[in-house]
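Heads up, target28.cif below (mmCIF, C-alpha atoms):
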data_entry
loop_
_atom_site.label_atom_id
_atom_site.label_comp_id
_atom_site.auth_asym_id
_atom_site.auth_seq_id
_atom_site.Cartn_x
_atom_site.Cartn_y
_atom_site.Cartn_z
CA MET A 397 4.59 -13.86 -13.78
CA GLU A 398 1.02 -14.09 -12.52
CA ILE A 399 -0.82 -10.79 -11.98
CA PHE A 400 -3.92 -10.65 -9.78
CA LEU A 401 -6.26 -7.66 -9.63
CA SER A 402 -8.61 -6.75 -6.80
CA ASP A 403 -12.34 -6.57 -7.44
CA LYS A 404 -13.56 -3.60 -9.54
CA ILE A 405 -10.05 -2.13 -9.83
CA LEU A 406 -10.54 -1.28 -13.50
CA SER A 407 -13.61 0.85 -12.75
CA VAL A 408 -11.73 2.50 -9.86
CA LEU A 409 -8.91 3.47 -12.23
CA ALA A 410 -11.12 4.66 -15.10
CA ASN A 411 -10.73 8.39 -15.81
CA LYS A 412 -8.20 8.83 -13.02
CA GLN A 413 -4.82 10.52 -13.00
CA VAL A 414 -2.55 7.74 -11.77
CA PHE A 415 0.82 8.68 -10.28
CA ILE A 416 3.37 5.87 -10.35
CA ASP A 417 5.74 5.39 -7.41
CA ASN A 418 9.33 4.47 -8.20
CA ASP A 419 8.94 0.83 -7.14
CA TYR A 420 6.19 0.12 -9.70
CA LEU A 421 7.91 2.21 -12.40
CA SER A 422 11.12 0.22 -11.87
CA LEU A 423 9.18 -3.03 -12.14
CA MET A 424 7.62 -1.87 -15.43
CA PHE A 425 11.11 -1.06 -16.69
CA GLN A 426 12.52 -4.42 -15.61
CA ASN A 427 9.72 -6.73 -16.64
CA GLU A 428 8.19 -6.78 -20.12
CA GLU A 429 5.15 -8.73 -18.95
CA VAL A 430 4.36 -6.22 -16.19
CA PHE A 431 4.82 -3.34 -18.65
CA LYS A 432 2.38 -4.82 -21.20
CA LYS A 433 -0.17 -5.79 -18.57
CA SER A 434 0.07 -2.30 -17.01
CA LEU A 435 -0.86 -0.72 -20.33
CA GLU A 436 -4.06 -2.82 -20.25
CA ILE A 437 -4.82 -2.11 -16.57
CA PHE A 438 -4.30 1.66 -16.98
CA SER A 439 -5.80 1.93 -20.48
CA LYS A 440 -8.56 4.25 -19.23
CA SER A 441 -6.27 6.34 -17.01
CA THR A 442 -3.47 8.84 -17.47
CA LEU A 443 -0.10 7.76 -16.07
CA PHE A 444 1.78 10.60 -14.39
CA ILE A 445 5.36 10.76 -13.21
CA ASP A 446 6.18 13.19 -10.42
CA PRO A 447 9.56 14.92 -10.93
CA TYR A 448 10.76 13.43 -7.62
CA THR A 449 9.79 9.92 -8.79
CA GLU A 450 11.76 10.56 -11.98
CA PHE A 451 14.69 11.67 -9.81
CA GLU A 452 14.51 8.42 -7.81
CA PHE A 453 14.25 6.36 -11.00
CA LEU A 454 17.35 7.95 -12.55
CA ARG A 455 19.60 8.33 -9.50
CA ASP A 456 22.55 6.11 -8.53
CA ILE A 457 22.79 4.43 -11.93
CA TYR A 458 26.38 3.27 -12.46
CA VAL A 459 26.24 2.22 -16.12
CA PRO A 460 25.69 5.25 -18.44
CA ALA A 461 23.80 3.12 -21.02
CA ASP A 462 21.33 2.08 -18.31
CA ARG A 463 20.59 5.71 -17.42
CA ILE A 464 20.13 6.63 -21.10
CA MET A 465 17.67 3.75 -21.58
CA ARG A 466 15.76 4.80 -18.47
CA GLU A 467 15.50 8.37 -19.81
CA GLN A 468 14.31 7.04 -23.17
CA PHE A 469 11.77 4.78 -21.46
CA LEU A 470 10.18 7.84 -19.83
CA SER A 471 10.24 9.91 -23.00
CA TYR A 472 7.72 8.04 -25.15
CA GLY A 473 4.56 9.85 -24.06
CA VAL A 474 3.05 6.93 -22.17
CA PHE A 475 4.03 8.78 -18.99
CA VAL A 476 2.96 12.39 -18.51
CA PRO A 477 5.32 14.59 -16.45
CA ALA A 478 3.47 16.23 -13.55
CA LEU A 479 3.26 20.00 -13.17
CA LYS A 480 6.33 21.28 -11.38
CA HIS A 481 6.22 25.07 -11.29
CA GLN A 482 7.26 26.86 -8.14
CA GLU A 483 3.77 27.94 -7.07
CA ILE A 484 2.53 24.34 -6.95
CA TYR A 485 5.68 23.11 -5.22
CA SER A 486 5.48 25.56 -2.34
CA LYS A 487 1.93 24.31 -1.66
CA ILE A 488 2.83 20.64 -2.04
CA GLN A 489 5.81 21.13 0.28
CA GLU A 490 3.61 22.76 2.91
CA ASN A 491 1.11 19.89 2.59
CA ALA A 492 3.99 17.40 3.02
CA LEU A 493 5.16 19.14 6.21
CA LEU A 494 1.62 19.20 7.58
CA LEU A 495 1.16 15.49 6.76
CA SER A 496 4.43 14.63 8.52
CA LYS A 497 3.11 16.34 11.66
CA LEU A 498 -0.17 14.45 11.43
CA TYR A 499 1.65 11.12 10.99
CA ALA A 500 3.76 11.87 14.07
CA HIS A 501 0.64 12.87 16.00
CA GLN A 502 -1.00 9.58 15.07
CA ASN A 503 2.01 7.75 16.54
CA SER A 504 2.76 6.35 13.13
CA LYS A 505 5.73 4.02 13.44
CA THR A 506 6.65 4.53 9.82
CA HIS A 507 8.87 7.36 8.76
CA PRO A 508 8.32 7.91 5.06
CA SER A 509 11.09 9.35 2.93
CA SER A 510 10.91 13.03 1.99
CA ILE A 511 10.01 11.98 -1.55
CA ASP A 512 7.05 9.87 -0.35
CA LEU A 513 5.91 12.80 1.82
CA LEU A 514 6.04 15.12 -1.20
CA LEU A 515 4.08 12.56 -3.26
CA ALA A 516 1.51 12.42 -0.45
CA GLY A 517 1.41 16.24 -0.48
CA ARG A 518 0.65 16.15 -4.19
CA LEU A 519 -2.15 13.57 -3.77
CA MET A 520 -3.61 15.87 -1.11
CA TYR A 521 -3.20 18.98 -3.29
CA HIS A 522 -5.16 17.55 -6.22
CA LYS A 523 -7.35 15.51 -3.82
CA SER A 524 -9.95 14.16 -6.26
CA ASN A 525 -9.66 12.14 -9.44
CA ILE A 526 -6.09 11.24 -8.57
CA CYS A 527 -4.41 8.16 -7.12
CA LEU A 528 -0.99 6.62 -6.61
CA ILE A 529 0.23 3.10 -7.23
CA SER A 530 2.86 2.13 -4.68
CA GLY A 531 4.28 -0.99 -3.05
CA ASN A 532 4.87 1.02 0.14
CA LYS A 533 1.38 1.34 1.56
CA LYS A 534 2.81 1.91 5.05
CA ASP A 535 4.22 5.27 3.87
CA PHE A 536 0.67 6.46 3.14
CA PRO A 537 -1.12 5.75 6.44
CA SER A 538 -4.78 4.85 6.66
CA CYS A 539 -5.54 7.81 8.96
CA ILE A 540 -5.31 10.02 5.83
CA PHE A 541 -5.38 7.74 2.78
CA ARG A 542 -7.64 4.92 1.61
CA THR A 543 -6.74 1.88 -0.46
CA SER A 544 -9.00 1.60 -3.51
CA GLY A 545 -7.46 -1.47 -5.07
CA VAL A 546 -4.54 -3.86 -5.10
CA ILE A 547 -2.41 -5.30 -7.89
CA SER A 548 -0.61 -8.45 -6.75
CA LEU A 549 2.30 -10.01 -8.58
CA GLU A 550 3.63 -13.51 -8.13
CA LYS A 551 7.12 -13.42 -9.59
CA ASP A 552 7.92 -17.14 -9.70
CA LEU A 553 7.48 -20.32 -7.70
CA LEU A 554 10.26 -19.36 -5.28
CA SER A 555 9.25 -15.75 -4.63
CA GLY A 556 6.37 -14.59 -2.52
CA MET A 557 3.53 -12.31 -3.60
CA ARG A 558 4.29 -8.58 -4.03
CA ALA A 559 1.33 -6.24 -3.55
CA PHE A 560 0.98 -2.74 -5.00
CA SER A 561 -1.79 -0.57 -3.60
CA ILE A 562 -3.93 1.99 -5.36
CA ILE A 563 -3.91 4.83 -2.82
CA GLU A 564 -6.24 7.85 -2.71
CA PHE A 565 -6.38 10.91 -0.44
CA ASP A 566 -9.45 10.72 1.81
CA GLU A 567 -10.56 14.25 2.70
CA ALA A 568 -12.98 13.13 5.46
CA LYS A 569 -10.23 11.13 7.19
CA PHE A 570 -7.84 14.07 6.80
CA ASN A 571 -10.33 16.56 8.26
CA SER A 572 -10.90 14.35 11.29
CA THR A 573 -7.16 13.80 11.89
CA PHE A 574 -6.36 17.47 11.25
CA ALA A 575 -9.06 18.70 13.67
CA ALA A 576 -7.60 16.57 16.49
CA TYR A 577 -4.09 17.82 15.72
CA ASP A 578 -5.19 21.46 15.40
CA GLU A 579 -6.88 21.39 18.81
CA LEU A 580 -3.74 19.99 20.44
CA GLU A 581 -1.47 22.50 18.68
CA THR A 582 -3.67 25.46 19.63
CA ARG A 583 -3.72 24.37 23.27
CA GLY A 584 0.05 23.82 23.30
CA ALA A 585 0.73 27.16 21.64
CA LYS A 586 -1.37 29.05 24.19
CA LEU A 587 0.49 27.41 27.07
CA LEU A 588 3.89 28.14 25.51
CA ALA A 589 2.97 31.74 24.69
CA LYS A 590 1.92 32.24 28.34
CA GLU A 591 5.19 30.80 29.64
CA LEU A 592 7.30 32.90 27.28
CA SER A 593 5.41 36.17 27.81
CA MET B 783 5.08 36.72 19.56
CA ALA B 784 3.65 37.51 16.15
CA ASN B 785 2.93 34.49 13.97
CA PHE B 786 3.73 32.03 16.70
CA PRO B 787 3.48 29.21 15.87
CA ARG B 788 3.17 29.28 12.09
CA LYS B 789 -0.07 27.42 11.45
CA LEU B 790 -0.03 25.02 8.55
CA LYS B 791 -3.26 24.76 6.59
CA PRO B 792 -4.11 22.27 3.86
CA ASN B 793 -3.54 23.51 0.33
CA TYR B 794 -5.86 22.26 -2.39
CA ALA B 795 -5.83 22.92 -6.13
CA LYS B 796 -8.52 25.39 -7.17
CA ASN B 797 -9.42 23.29 -10.16
CA SER B 798 -8.96 19.67 -9.14
CA THR B 799 -11.10 18.26 -11.93
CA ARG B 800 -8.54 18.45 -14.71
CA LYS B 801 -9.52 16.58 -17.84
CA VAL B 802 -7.99 13.12 -17.95
CA VAL B 803 -6.35 12.32 -21.24
CA LYS B 804 -6.56 8.57 -21.62
CA LEU B 805 -3.35 6.67 -22.08
CA VAL B 806 -2.46 6.55 -25.74
CA ALA B 807 0.26 4.10 -26.66
CA THR B 808 0.60 3.22 -30.33
CA LYS B 809 1.84 -0.21 -31.39
CA ASP B 810 5.07 1.43 -32.54
CA THR B 811 5.58 3.16 -29.16
CA ILE B 812 4.96 -0.08 -27.27
CA GLU B 813 7.41 -1.97 -29.50
CA LYS B 814 10.11 0.67 -28.92
CA MET B 815 9.57 0.61 -25.14
CA VAL B 816 9.65 -3.20 -25.08
CA MET B 817 12.91 -3.09 -27.03
CA ILE B 818 14.39 -0.78 -24.37
CA ILE B 819 13.19 -3.13 -21.60
CA ARG B 820 14.89 -6.10 -23.33
CA LYS B 821 18.13 -4.17 -23.95
CA ALA B 822 18.23 -2.97 -20.34
CA LYS B 823 17.65 -6.55 -19.13
CA LYS B 824 20.53 -7.79 -21.29
CA LEU B 825 22.75 -4.99 -19.95
CA ARG B 826 21.91 -5.94 -16.34
CA GLU B 827 22.70 -9.59 -17.05
CA GLU B 828 26.03 -8.70 -18.70
CA SER B 829 26.88 -6.35 -15.85
CA ALA B 830 26.20 -9.17 -13.36
CA GLU B 831 28.43 -11.47 -15.42
CA TYR B 832 31.29 -8.92 -15.32
CA GLN B 833 30.87 -8.57 -11.58
CA ASN B 834 30.97 -12.34 -11.20
CA GLY B 835 34.14 -12.46 -13.29
CA ASN B 836 32.59 -14.66 -15.97
CA LEU B 837 33.16 -12.05 -18.70
CA SER B 838 36.19 -9.86 -19.28
CA LEU B 839 36.27 -6.34 -20.69
#
Can you dump the structure from the file as structure tokens?
Amino acid sequence: MEIFLSDKILSVLANKQVFIDNDYLSLMFQNEEVFKKSLEIFSKSTLFIDPYTEFEFLRDIYVPADRIMREQFLSYGVFVPALKHQEIYSKIQENALLLSKLYAHQNSKTHPSSIDLLLAGRLMYHKSNICLISGNKKDFPSCIFRTSGVISLEKDLLSGMRAFSIIEFDEAKFNSTFAAYDELETRGAKLLAKELS
Amino acid sequence: MANFPRKLKPNYAKNSTRKVVKLVATKDTIEKMVMIIRKAKKLREESAEYQNGNLSL
């Protein structure tokens, strides 16, 4: 398997907390070469697993031995479990709901899963020094997030190229999108309050 | 009409510059994880064989 890295990706990833989406985590679990190469690529980062990503990784596994091996794979200390206490979750959940409204306002045609929205809410919560590697860039729209790098994988001669993006929360983009949404919501609320009064 | 509508505001961590602990994977850890990857691959291949009827229980 050939692995191609975008320009300066190693410096982008240095000293970052990198959250891994389920698609990349599954690829690491399925492919020894990707796993070993990932340890090199992320050697100056910390790899985090969100509890919802762990849930996705372990769900719907039919063979018990497969699930046990997946649990063992996560247990070796290469992956750090993300904070999951209630106080953080209520904030991440509120961020996720706000982001879903902004996506809808931006006429985004994509409808990310609840888990991807919660991951986006976490990226927003920590906002700096944090990124996500995901093969689903469309679930993290460019009106809020920026792509800082790409890891491309060519599986074999018959398969096409699979791209995984390094995605970061962009506060300036968010502020601009949020301001437009807030203005619309305030205007709408005033009109509705007048009609209902 | 109190609290109508409930306004959502962005929530940010107070301390977003947590120290990054660099990935530490010893040779032993990597070997164990690679062994799991190989075992899981073999299990998937066997499972596919059972489904195809090429192996019997």
Skipping near chain neighbours, those fewer than 3 positions away, what residues fall within 12 Å of range 822-832 of chain B using only C-alpha atoms, listed as a count of residues only?
-> 30
Report as a list in words the set of chain A residues whose atoms approach chain B to within 7 Å, with distances computed over only C-alpha atoms.
-> Asn411, Lys412, Gln413, Phe425, Gln426, Glu428, Ser439, Lys440, Ser441, Thr442, Leu443, Asp462, Met465, Phe469, Tyr472, Val474, Lys487, Asn491, Leu494, Met520, Tyr521, His522, Lys523, Ser524, Asn525 and Ala585 of chain A
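Straight-line separation from CA of Ser555 in chain A to CA of Met397 in chain A: 10.4 Å.
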So which one's closest to Ser530 in chain A, A:Leu513, A:Leu454, A:Leu421, A:Leu592? Using only C-alpha atoms, please.
->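 For Ser530 in chain A, the nearest of the candidates is A:Leu421.
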Skipping near chain neighbours, those fewer than 4 positions away, what residues fall within 9 Å of His507 in chain A using only C-alpha atoms, listed as a list in words?
->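 Once the adjacent positions are removed, what remains is Ser496, Tyr499, Ala500, Lys534 and Asp535 of chain A.
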Selected residue, from A:Leu479, A:Ser561, A:Asp566, A:Thr449, that lies nearest to Leu549 in chain A when counting all atoms listed in the file =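 Comparing A:Leu479, A:Ser561, A:Asp566, A:Thr449 against Leu549 in chain A, the winner is A:Ser561.
The two atoms in question, CA of Gln489 in chain A and CA of Leu588 in chain A, are spaced 26.3 Å apart.
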For Leu498 in chain A, please output as a list in words all residues within 8 Å (counting all atoms listed in the file; exclusion window: fewer than 3 positions along the same chain).
-> Leu494, Leu495, His501, Gln502, Thr573, Phe574 and Tyr577 of chain A
Take the residues from that selection and put them in a file with C-alpha atoms, as an mmCIF file, in the coordinates of the input.
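Writing done, so here's out-v4.cif:
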data_model
loop_
_atom_site.group_PDB
_atom_site.id
_atom_site.type_symbol
_atom_site.label_atom_id
_atom_site.label_comp_id
_atom_site.auth_asym_id
_atom_site.auth_seq_id
_atom_site.Cartn_x
_atom_site.Cartn_y
_atom_site.Cartn_z
ATOM 1 C CA LEU A 494 1.620 19.200 7.580
ATOM 2 C CA LEU A 495 1.160 15.490 6.760
ATOM 3 C CA HIS A 501 0.640 12.870 16.000
ATOM 4 C CA GLN A 502 -1.000 9.580 15.070
ATOM 5 C CA THR A 573 -7.160 13.800 11.890
ATOM 6 C CA PHE A 574 -6.360 17.470 11.250
ATOM 7 C CA TYR A 577 -4.090 17.820 15.720
#
Using only C-alpha atoms, collect all residues at a distance of at most 8 Å from (9.2, 5.6, -9.6) as written in the file, then present them as a PyMOL selection string.
-> chain A and resi 416-422+445+449-450+452-453
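When CA of Leu514 in chain A is paired with CA of Lys433 in chain A, their separation reads 27.9 Å.
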Care to translate the PyMOL selection byres ((chain A and resi 565) around 10) into actual residues of this file, as a list in words?
->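 Output of the PyMOL selection byres ((chain A and resi 565) around 10): Ala516, Gly517, Arg518, Leu519, Met520, Tyr521, His522, Lys523, Ser524, Asn525, Ile526, Cys527, Leu528, Phe536, Ser538, Cys539, Ile540, Phe541, Arg542, Thr543, Ile563, Glu564, Asp566, Glu567, Ala568, Lys569 and Phe570 of chain A.
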Quick one: which residues end up in the PyMOL selection byres ((chain A and resi 437) around 10) for this structure, as an MDAnalysis selection string?
-> chainID A and resid 401 405:406 409:410 431:436 438:441 547
Using the selection just defined, write its residues with C-alpha atoms as a compact mmCIF listing (two decimals), keeping the file's coordinate frame.
# COMPACT_ATOMS: atom_id res chain seq x y z
CA LEU A 401 -6.26 -7.66 -9.63
CA ILE A 405 -10.05 -2.13 -9.83
CA LEU A 406 -10.54 -1.28 -13.50
CA LEU A 409 -8.91 3.47 -12.23
CA ALA A 410 -11.12 4.66 -15.10
CA PHE A 431 4.82 -3.34 -18.65
CA LYS A 432 2.38 -4.82 -21.20
CA LYS A 433 -0.17 -5.79 -18.57
CA SER A 434 0.07 -2.30 -17.01
CA LEU A 435 -0.86 -0.72 -20.33
CA GLU A 436 -4.06 -2.82 -20.25
CA PHE A 438 -4.30 1.66 -16.98
CA SER A 439 -5.80 1.93 -20.48
CA LYS A 440 -8.56 4.25 -19.23
CA SER A 441 -6.27 6.34 -17.01
CA ILE A 547 -2.41 -5.30 -7.89
Of A:Val414, A:Ser402, A:Lys533, A:Arg583, the one nearest to Pro508 in chain A when counting all atoms listed in the file is A:Lys533
Enclose all atoms of range 493-512 of chain A listed in the file in an axis-aligned box, grow every side by 5 Å, and hand back centre and edge lengths in Å to one decimal, as AutoDock Vina command-line options.
--center_x 5.0 --center_y 11.6 --center_z 7.5 --size_x 22.1 --size_y 25.2 --size_z 28.1
Test item: the PyMOL selection byres ((chain A and resi 560) around 7) resolved as a ChimeraX atom specification | /A:529-531,546-548,558-559,561-562
